[in-house]
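S.K.: Contents of structure-v4.tsv (TSV, C-alpha atoms) are given next:
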```tsv
chain	number	residue	atom	x	y	z
A	55	MET	CA	87.88	-91.12	160.43
A	56	LEU	CA	86.11	-87.77	160.52
A	57	LEU	CA	84.55	-86.84	163.86
A	58	ALA	CA	81.90	-84.13	164.23
A	59	CYS	CA	82.30	-81.88	167.28
A	60	LEU	CA	78.81	-80.44	167.51
A	61	ASN	CA	78.77	-77.74	170.18
A	62	GLY	CA	81.69	-77.47	172.64
A	63	ASP	CA	81.26	-74.62	175.09
A	64	ARG	CA	79.47	-72.39	172.58
A	65	GLY	CA	76.08	-70.86	173.15
A	66	ARG	CA	73.51	-69.24	170.90
A	67	ASP	CA	75.38	-65.94	171.24
A	68	SER	CA	78.12	-67.54	169.11
A	69	HIS	CA	75.88	-69.10	166.45
A	70	PRO	CA	72.09	-69.40	166.23
A	71	ASP	CA	72.22	-73.07	165.27
A	72	VAL	CA	74.57	-74.44	167.93
A	73	PRO	CA	72.80	-77.59	169.17
A	74	LEU	CA	72.28	-77.60	172.93
A	75	SER	CA	69.36	-79.84	173.88
A	76	PRO	CA	69.40	-83.64	173.47
A	77	THR	CA	66.88	-83.32	170.63
A	78	GLU	CA	69.02	-80.76	168.80
A	79	LEU	CA	72.19	-82.81	169.30
A	80	ALA	CA	70.46	-85.91	167.97
A	81	ALA	CA	69.18	-84.12	164.88
A	82	ASP	CA	72.62	-82.67	164.11
A	83	ALA	CA	74.29	-86.03	164.71
A	84	ALA	CA	71.93	-87.66	162.21
A	85	ARG	CA	72.62	-85.01	159.57
A	86	CYS	CA	76.38	-85.32	160.04
A	87	ALA	CA	76.28	-89.12	160.04
A	88	GLY	CA	74.44	-88.96	156.72
A	89	LEU	CA	77.43	-87.04	155.34
A	90	GLY	CA	79.90	-89.69	156.49
A	91	VAL	CA	81.23	-88.82	159.94
A	92	GLY	CA	82.40	-91.80	161.96
A	93	ALA	CA	81.59	-90.44	165.44
A	94	VAL	CA	80.30	-87.37	167.26
A	95	HIS	CA	81.69	-85.46	170.24
A	96	VAL	CA	79.23	-83.42	172.30
A	97	HIS	CA	79.09	-81.30	175.46
A	98	PRO	CA	75.80	-82.18	177.20
A	99	ARG	CA	73.93	-79.36	178.94
A	100	THR	CA	71.54	-78.78	181.78
A	101	ALA	CA	68.03	-77.55	180.94
A	102	ASP	CA	69.30	-73.96	181.18
A	103	GLY	CA	72.22	-74.56	178.82
A	104	VAL	CA	75.13	-75.04	181.24
A	105	GLU	CA	77.74	-77.71	180.41
A	106	SER	CA	77.32	-80.68	182.67
A	107	LEU	CA	78.80	-84.01	183.75
A	108	ARG	CA	75.72	-84.95	185.77
A	109	PRO	CA	74.44	-88.47	185.08
A	110	ALA	CA	71.01	-87.33	183.91
A	111	ASP	CA	72.43	-84.79	181.46
A	112	ILE	CA	74.97	-87.23	180.03
A	113	ALA	CA	72.29	-89.90	179.72
A	114	ASP	CA	69.76	-87.64	178.01
A	115	ALA	CA	72.22	-86.56	175.32
A	116	VAL	CA	73.71	-90.01	174.68
A	117	VAL	CA	70.34	-91.78	174.60
A	118	ALA	CA	68.87	-89.22	172.19
A	119	ILE	CA	71.78	-89.50	169.76
A	120	ARG	CA	71.77	-93.29	169.86
A	121	ALA	CA	68.04	-93.35	169.17
A	122	ALA	CA	68.50	-91.07	166.16
A	123	VAL	CA	71.63	-92.80	164.79
A	124	PRO	CA	71.99	-96.36	166.15
A	125	GLY	CA	75.59	-97.53	166.11
A	126	LEU	CA	77.18	-94.08	165.82
A	127	PRO	CA	79.88	-93.74	168.51
A	128	VAL	CA	79.15	-90.87	170.90
A	129	GLY	CA	81.77	-89.07	172.97
A	130	VAL	CA	81.72	-86.35	175.61
A	131	SER	CA	84.16	-83.96	177.24
A	132	THR	CA	85.47	-84.06	180.81
A	133	GLY	CA	87.08	-80.60	180.62
A	134	ALA	CA	88.07	-78.99	183.90
A	135	TRP	CA	86.00	-75.89	183.09
A	136	ILE	CA	82.88	-78.07	183.46
A	137	GLU	CA	83.93	-79.28	186.93
A	138	PRO	CA	87.19	-77.79	188.28
A	139	ASP	CA	87.66	-80.36	191.08
A	140	PRO	CA	89.36	-83.46	189.58
A	141	LEU	CA	87.99	-85.67	192.37
A	142	ALA	CA	84.49	-84.48	191.54
A	143	ARG	CA	85.09	-85.13	187.83
A	144	ALA	CA	86.18	-88.69	188.56
A	145	ALA	CA	83.22	-89.17	190.90
A	146	ALA	CA	80.85	-87.88	188.21
A	147	VAL	CA	82.18	-90.49	185.78
A	148	GLY	CA	81.63	-93.16	188.42
A	149	ALA	CA	78.01	-92.08	188.81
A	150	TRP	CA	77.08	-92.10	185.09
A	151	THR	CA	74.07	-94.34	184.46
A	152	VAL	CA	74.39	-94.33	180.67
A	153	LEU	CA	77.93	-94.55	179.34
A	154	PRO	CA	79.20	-92.76	176.23
A	155	ASP	CA	81.44	-94.70	173.89
A	156	PHE	CA	84.41	-92.43	174.57
A	157	ALA	CA	85.37	-89.31	176.52
A	158	SER	CA	88.19	-86.80	176.16
A	159	VAL	CA	90.55	-85.95	179.00
A	160	ASN	CA	92.92	-82.99	178.66
A	161	ALA	CA	96.35	-84.16	179.77
A	162	HIS	CA	97.43	-80.74	181.04
A	163	GLU	CA	94.57	-80.45	183.54
A	164	PRO	CA	95.06	-81.30	187.24
A	165	GLY	CA	94.00	-84.85	188.00
A	166	ALA	CA	93.78	-85.82	184.33
A	167	GLU	CA	95.16	-89.33	184.77
A	168	ALA	CA	92.73	-90.04	187.63
A	169	VAL	CA	89.80	-88.97	185.46
A	170	ALA	CA	91.12	-91.15	182.64
A	171	ARG	CA	91.40	-94.08	185.03
A	172	ALA	CA	87.81	-93.58	186.19
A	173	LEU	CA	86.66	-93.69	182.56
A	174	HIS	CA	88.71	-96.80	181.81
A	175	GLU	CA	87.32	-98.56	184.87
A	176	ARG	CA	83.79	-97.86	183.62
A	177	GLY	CA	84.64	-99.26	180.19
A	178	VAL	CA	84.61	-95.87	178.42
A	179	MET	CA	87.33	-95.39	175.81
A	180	VAL	CA	89.73	-92.62	176.79
A	181	GLU	CA	90.81	-89.89	174.40
A	182	ALA	CA	93.94	-88.09	175.58
A	183	GLY	CA	93.70	-84.40	174.67
A	184	LEU	CA	97.12	-82.87	174.04
A	185	TRP	CA	97.22	-79.08	173.61
A	186	THR	CA	100.97	-78.41	173.99
A	187	VAL	CA	104.33	-80.18	173.83
A	188	PRO	CA	104.52	-80.26	177.67
A	189	ALA	CA	101.10	-81.94	177.64
A	190	VAL	CA	102.52	-84.61	175.30
A	191	GLU	CA	105.31	-85.18	177.82
A	192	ALA	CA	102.78	-85.46	180.65
A	193	TYR	CA	100.77	-87.96	178.61
A	194	HIS	CA	103.84	-90.15	178.11
A	195	GLY	CA	103.76	-90.78	181.86
A	196	TRP	CA	100.17	-92.05	181.94
A	197	ARG	CA	99.54	-95.63	183.03
A	198	VAL	CA	95.96	-95.74	181.71
A	199	PRO	CA	95.09	-97.33	178.35
A	200	VAL	CA	94.14	-94.73	175.73
A	201	GLY	CA	91.98	-95.46	172.70
A	202	ARG	CA	92.73	-92.27	170.76
A	203	VAL	CA	95.22	-89.41	171.02
A	204	LEU	CA	93.91	-85.94	170.21
A	205	VAL	CA	96.55	-83.51	168.97
A	206	GLU	CA	94.70	-80.21	169.44
A	207	CYS	CA	96.18	-77.00	168.03
A	208	MET	CA	94.94	-73.89	169.82
A	209	ALA	CA	97.30	-71.36	168.21
A	210	PRO	CA	95.76	-68.07	166.99
A	211	SER	CA	96.96	-68.23	163.36
A	212	SER	CA	97.19	-70.80	160.58
A	213	GLU	CA	100.99	-70.66	160.50
A	214	SER	CA	101.43	-71.10	164.24
A	215	ALA	CA	98.80	-73.86	164.31
A	216	LEU	CA	100.71	-75.83	161.68
A	217	ALA	CA	103.97	-75.33	163.58
A	218	GLU	CA	102.26	-76.42	166.78
A	219	ALA	CA	100.90	-79.54	165.07
A	220	ALA	CA	104.34	-80.49	163.77
A	221	ALA	CA	105.95	-79.96	167.19
A	222	MET	CA	103.39	-82.08	169.03
A	223	LEU	CA	103.45	-84.87	166.46
A	224	ASP	CA	107.24	-84.84	166.63
A	225	ALA	CA	107.06	-85.12	170.44
A	226	LEU	CA	104.70	-88.08	170.09
A	227	ALA	CA	106.89	-89.90	167.59
A	228	PRO	CA	110.04	-91.82	168.52
A	229	SER	CA	113.31	-90.00	167.82
A	230	GLY	CA	114.33	-90.13	164.22
A	231	HIS	CA	110.82	-90.10	162.78
A	232	GLY	CA	110.87	-86.34	162.32
A	233	GLY	CA	107.18	-85.96	163.05
A	234	HIS	CA	106.08	-88.11	160.09
A	235	LEU	CA	103.50	-89.95	162.15
A	236	ASP	CA	101.03	-92.42	160.72
A	237	ALA	CA	97.78	-93.04	162.56
A	238	GLY	CA	98.24	-95.63	165.28
A	239	LEU	CA	101.81	-96.53	164.23
A	240	ASP	CA	103.96	-94.82	166.84
A	241	THR	CA	101.62	-94.10	169.75
A	242	GLY	CA	99.83	-97.45	169.97
A	243	SER	CA	96.55	-95.55	169.46
A	244	PRO	CA	95.01	-93.70	166.51
A	245	VAL	CA	95.92	-90.02	166.35
A	246	LEU	CA	93.30	-87.35	165.62
A	247	LEU	CA	94.74	-84.01	164.55
A	248	HIS	CA	92.64	-80.85	164.60
A	249	ALA	CA	92.71	-77.15	165.44
A	250	GLU	CA	90.38	-74.51	166.77
A	251	GLY	CA	89.83	-71.04	165.35
A	252	ALA	CA	91.95	-69.65	162.53
A	253	GLY	CA	94.01	-72.80	162.01
A	254	VAL	CA	91.11	-75.23	161.59
A	255	TRP	CA	91.18	-75.72	157.83
A	256	VAL	CA	94.94	-75.78	157.26
A	257	VAL	CA	95.37	-78.27	160.10
A	258	LEU	CA	92.51	-80.40	158.76
A	259	ALA	CA	94.28	-80.47	155.39
A	260	GLU	CA	97.50	-81.46	157.18
A	261	ALA	CA	95.67	-84.31	158.92
A	262	VAL	CA	94.40	-85.52	155.55
A	263	ARG	CA	97.91	-85.28	154.10
A	264	ARG	CA	99.35	-87.32	156.96
A	265	GLY	CA	96.55	-89.90	156.90
A	266	LEU	CA	95.40	-89.03	160.43
A	267	ASP	CA	91.90	-88.86	161.86
A	268	THR	CA	90.48	-85.35	162.16
A	269	ARG	CA	87.36	-83.51	163.25
A	270	ILE	CA	85.18	-80.52	162.38
A	271	GLY	CA	82.13	-78.77	163.79
A	272	LEU	CA	80.85	-75.66	165.46
A	273	GLU	CA	82.96	-76.39	168.55
A	274	ASP	CA	86.09	-75.71	166.50
A	275	THR	CA	85.00	-73.08	163.98
A	276	LEU	CA	82.03	-71.07	162.79
A	277	ARG	CA	83.47	-70.50	159.32
A	278	LEU	CA	83.82	-72.40	156.08
A	279	PRO	CA	87.15	-72.58	154.22
A	280	ASP	CA	86.27	-69.44	152.23
A	281	GLY	CA	85.75	-67.47	155.45
A	282	SER	CA	81.96	-67.27	155.22
A	283	LEU	CA	79.76	-68.13	158.20
A	284	ALA	CA	78.74	-71.79	158.18
A	285	ARG	CA	75.01	-72.44	158.19
A	286	ASP	CA	75.36	-75.36	160.60
A	287	ASN	CA	77.44	-78.41	161.53
A	288	ALA	CA	76.36	-80.25	158.38
A	289	ALA	CA	77.80	-77.47	156.20
A	290	LEU	CA	81.15	-77.75	157.99
A	291	VAL	CA	81.17	-81.53	157.65
A	292	ALA	CA	80.37	-81.30	153.93
A	293	ALA	CA	83.28	-78.90	153.46
A	294	ALA	CA	85.63	-81.23	155.34
A	295	VAL	CA	84.57	-84.20	153.23
A	296	ALA	CA	85.17	-82.14	150.09
A	297	LEU	CA	88.73	-81.57	151.32
A	298	GLY	CA	89.29	-85.31	151.68
A	299	ALA	CA	88.51	-85.88	155.36
A	300	GLY	CA	86.71	-89.03	156.39
```
Represent the structure of the file as structure tokens.
M.R.:
Amino acid sequence: MLLACLNGDRGRDSHPDVPLSPTELAADAARCAGLGVGAVHVHPRTADGVESLRPADIADAVVAIRAAVPGLPVGVSTGAWIEPDPLARAAAVGAWTVLPDFASVNAHEPGAEAVARALHERGVMVEAGLWTVPAVEAYHGWRVPVGRVLVECMAPSSESALAEAAAMLDALAPSGHGGHLDAGLDTGSPVLLHAEGAGVWVVLAEAVRRGLDTRIGLEDTLRLPDGSLARDNAALVAAAVALGAG
């Protein structure tokens, strides 16, 4: 499965075509779905462009995307930078009036398991975001069902991102598997492997090699495999598909 991550925390100062409004997110989701992505991950915004977990902002984004692409799974972030108080994050989830299909929870953040539990209780599939080996260890202690595990490489270079990917996959796998992890085999949930920044394309190729889910979009990179600036999310998705993703 190839997932499109459409905006993240980026603004127009990063790229002129980062989708922010519900209408823009819906249009980008439709373009990416036409290229074969299996789901989209978005960071809904307030009217003035600030990331938000407020019920109205979540609803506006999710409803717009579903109207444009019926049946396409839509996910959102619950990152602590959006709402630092974990109790407030869990309360926001409890107040949502329109539910996304899935939501990511970063395992290293304070209160992560409580936020994941709030999502599960609402019937929203939980994605466990793992950024480091210690985060993998923290995730192993969760008592909340998880629908997908995100192995997210944040290292600043391609080489370190690949090493980080191998270390986290090895930590996820039972001893003796040496990090050779097949999607859904050893964790009980599908694994999505991706990177941000310089390591995006080598880690995407590694995900394809391992048969794991992956993702691409302006949240993770502004550049195509040849280093040129991507025109938009659709250009990034087309490049990922050409490399065998999806």
S.K.: Restricting the calculation to only C-alpha atoms, which member of A:Ile119, A:Ala172, A:Asn61, A:Glu105 is positioned closest to Ala80 (chain A)?
M.R.: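 Closest candidate: A:Ile119.
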S.K.: Could you check the closest approach to Asp224 (chain A) for each of A:Thr151, A:Cys86, A:Asp267, A:Val187 and tell me which residue wins, using only C-alpha atoms?
M.R.: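 Nearest to Asp224 (chain A): A:Val187.
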S.K.: Mind working out the centre and edge lengths of an axis-aligned box for region 195-198 of chain A, all listed atoms inside, 3 Å added to each side, rounded to one decimal in Å and written as lines of an AutoDock Vina configuration file?
M.R.:
```
center_x = 99.9
center_y = -93.3
center_z = 182.4
size_x = 13.8
size_y = 11.0
size_z = 7.3
```
S.K.: Give the answer as one residue: which of A:Val178, A:Ala157, A:Leu74, A:Ala58 has the shortest atom-to-atom distance to Leu107 (chain A), using all atoms listed in the file?
M.R.: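 Result for the nearest residue to Leu107 (chain A): A:Ala157.
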S.K.: Give me, please, the distance in Å between CA of Ala84 (chain A) and CA of Val152 (chain A), quoted to one decimal.
M.R.: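 Straight-line distance from CA of Ala84 (chain A) to CA of Val152 (chain A) works out to 19.8 Å.
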S.K.: So what do you get for CA of Ala227 (chain A) versus CA of Ala93 (chain A), distance-wise?
M.R.: 25.4 Å
S.K.: Write region 248-259 of chain A as a PDB file, keeping the file's coordinate frame, completed to all heavy atoms.
M.R.:
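Ended up saving to out-v3.pdb:
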```pdb
ATOM      1  N   HIS A 248      93.584 -81.910 164.948  1.00  0.00           N
ATOM      2  CA  HIS A 248      92.640 -80.850 164.600  1.00  0.00           C
ATOM      3  C   HIS A 248      93.097 -79.546 165.242  1.00  0.00           C
ATOM      4  O   HIS A 248      94.013 -79.501 166.057  1.00  0.00           O
ATOM      5  CB  HIS A 248      91.220 -81.198 165.063  1.00  0.00           C
ATOM      6  CG  HIS A 248      90.993 -80.970 166.524  1.00  0.00           C
ATOM      7  ND1 HIS A 248      90.374 -79.833 167.018  1.00  0.00           N
ATOM      8  CD2 HIS A 248      91.306 -81.715 167.612  1.00  0.00           C
ATOM      9  CE1 HIS A 248      90.307 -79.902 168.339  1.00  0.00           C
ATOM     10  NE2 HIS A 248      90.870 -81.035 168.720  1.00  0.00           N
ATOM     11  N   ALA A 249      92.423 -78.465 164.864  1.00  0.00           N
ATOM     12  CA  ALA A 249      92.710 -77.150 165.440  1.00  0.00           C
ATOM     13  C   ALA A 249      91.396 -76.485 165.803  1.00  0.00           C
ATOM     14  O   ALA A 249      90.308 -76.960 165.454  1.00  0.00           O
ATOM     15  CB  ALA A 249      93.492 -76.284 164.457  1.00  0.00           C
ATOM     16  N   GLU A 250      91.515 -75.374 166.507  1.00  0.00           N
ATOM     17  CA  GLU A 250      90.380 -74.510 166.770  1.00  0.00           C
ATOM     18  C   GLU A 250      90.689 -73.119 166.228  1.00  0.00           C
ATOM     19  O   GLU A 250      91.838 -72.697 166.196  1.00  0.00           O
ATOM     20  CB  GLU A 250      90.083 -74.425 168.279  1.00  0.00           C
ATOM     21  CG  GLU A 250      89.553 -75.725 168.868  1.00  0.00           C
ATOM     22  CD  GLU A 250      89.047 -75.556 170.290  1.00  0.00           C
ATOM     23  OE1 GLU A 250      89.032 -74.414 170.803  1.00  0.00           O
ATOM     24  OE2 GLU A 250      88.665 -76.569 170.900  1.00  0.00           O
ATOM     25  N   GLY A 251      89.643 -72.416 165.797  1.00  0.00           N
ATOM     26  CA  GLY A 251      89.830 -71.040 165.350  1.00  0.00           C
ATOM     27  C   GLY A 251      90.461 -70.937 163.976  1.00  0.00           C
ATOM     28  O   GLY A 251      90.148 -71.696 163.055  1.00  0.00           O
ATOM     29  N   ALA A 252      91.407 -70.001 163.839  1.00  0.00           N
ATOM     30  CA  ALA A 252      91.950 -69.650 162.530  1.00  0.00           C
ATOM     31  C   ALA A 252      92.677 -70.798 161.836  1.00  0.00           C
ATOM     32  O   ALA A 252      92.757 -70.836 160.614  1.00  0.00           O
ATOM     33  CB  ALA A 252      92.899 -68.457 162.673  1.00  0.00           C
ATOM     34  N   GLY A 253      93.225 -71.729 162.605  1.00  0.00           N
ATOM     35  CA  GLY A 253      94.010 -72.800 162.010  1.00  0.00           C
ATOM     36  C   GLY A 253      93.228 -74.033 161.608  1.00  0.00           C
ATOM     37  O   GLY A 253      93.815 -75.007 161.128  1.00  0.00           O
ATOM     38  N   VAL A 254      91.911 -74.016 161.782  1.00  0.00           N
ATOM     39  CA  VAL A 254      91.110 -75.230 161.590  1.00  0.00           C
ATOM     40  C   VAL A 254      91.338 -75.868 160.224  1.00  0.00           C
ATOM     41  O   VAL A 254      91.644 -77.066 160.117  1.00  0.00           O
ATOM     42  CB  VAL A 254      89.615 -74.935 161.787  1.00  0.00           C
ATOM     43  CG1 VAL A 254      88.747 -76.018 161.164  1.00  0.00           C
ATOM     44  CG2 VAL A 254      89.292 -74.835 163.263  1.00  0.00           C
ATOM     45  N   TRP A 255      91.194 -75.100 159.151  1.00  0.00           N
ATOM     46  CA  TRP A 255      91.180 -75.720 157.830  1.00  0.00           C
ATOM     47  C   TRP A 255      92.562 -76.118 157.347  1.00  0.00           C
ATOM     48  O   TRP A 255      92.711 -77.158 156.682  1.00  0.00           O
ATOM     49  CB  TRP A 255      90.473 -74.803 156.833  1.00  0.00           C
ATOM     50  CG  TRP A 255      89.014 -74.672 157.167  1.00  0.00           C
ATOM     51  CD1 TRP A 255      88.380 -73.596 157.712  1.00  0.00           C
ATOM     52  CD2 TRP A 255      88.013 -75.694 157.037  1.00  0.00           C
ATOM     53  NE1 TRP A 255      87.046 -73.870 157.930  1.00  0.00           N
ATOM     54  CE2 TRP A 255      86.792 -75.145 157.518  1.00  0.00           C
ATOM     55  CE3 TRP A 255      88.024 -76.997 156.570  1.00  0.00           C
ATOM     56  CZ2 TRP A 255      85.599 -75.869 157.532  1.00  0.00           C
ATOM     57  CZ3 TRP A 255      86.842 -77.729 156.579  1.00  0.00           C
ATOM     58  CH2 TRP A 255      85.650 -77.164 157.054  1.00  0.00           C
ATOM     59  N   VAL A 256      93.592 -75.365 157.681  1.00  0.00           N
ATOM     60  CA  VAL A 256      94.940 -75.780 157.260  1.00  0.00           C
ATOM     61  C   VAL A 256      95.388 -77.009 158.044  1.00  0.00           C
ATOM     62  O   VAL A 256      96.062 -77.883 157.501  1.00  0.00           O
ATOM     63  CB  VAL A 256      95.973 -74.643 157.401  1.00  0.00           C
ATOM     64  CG1 VAL A 256      95.652 -73.513 156.456  1.00  0.00           C
ATOM     65  CG2 VAL A 256      96.100 -74.158 158.820  1.00  0.00           C
ATOM     66  N   VAL A 257      95.002 -77.097 159.312  1.00  0.00           N
ATOM     67  CA  VAL A 257      95.370 -78.270 160.100  1.00  0.00           C
ATOM     68  C   VAL A 257      94.563 -79.490 159.662  1.00  0.00           C
ATOM     69  O   VAL A 257      95.078 -80.609 159.625  1.00  0.00           O
ATOM     70  CB  VAL A 257      95.217 -77.983 161.608  1.00  0.00           C
ATOM     71  CG1 VAL A 257      95.398 -79.254 162.429  1.00  0.00           C
ATOM     72  CG2 VAL A 257      96.238 -76.934 162.050  1.00  0.00           C
ATOM     73  N   LEU A 258      93.299 -79.279 159.298  1.00  0.00           N
ATOM     74  CA  LEU A 258      92.510 -80.400 158.760  1.00  0.00           C
ATOM     75  C   LEU A 258      93.157 -80.932 157.488  1.00  0.00           C
ATOM     76  O   LEU A 258      93.283 -82.154 157.297  1.00  0.00           O
ATOM     77  CB  LEU A 258      91.076 -79.966 158.516  1.00  0.00           C
ATOM     78  CG  LEU A 258      90.113 -81.061 158.041  1.00  0.00           C
ATOM     79  CD1 LEU A 258      88.737 -80.892 158.661  1.00  0.00           C
ATOM     80  CD2 LEU A 258      89.985 -81.068 156.517  1.00  0.00           C
ATOM     81  N   ALA A 259      93.600 -80.031 156.613  1.00  0.00           N
ATOM     82  CA  ALA A 259      94.280 -80.470 155.390  1.00  0.00           C
ATOM     83  C   ALA A 259      95.568 -81.212 155.711  1.00  0.00           C
ATOM     84  O   ALA A 259      95.925 -82.187 155.030  1.00  0.00           O
ATOM     85  CB  ALA A 259      94.565 -79.257 154.497  1.00  0.00           C
TER      86      ALA A 259
END
```
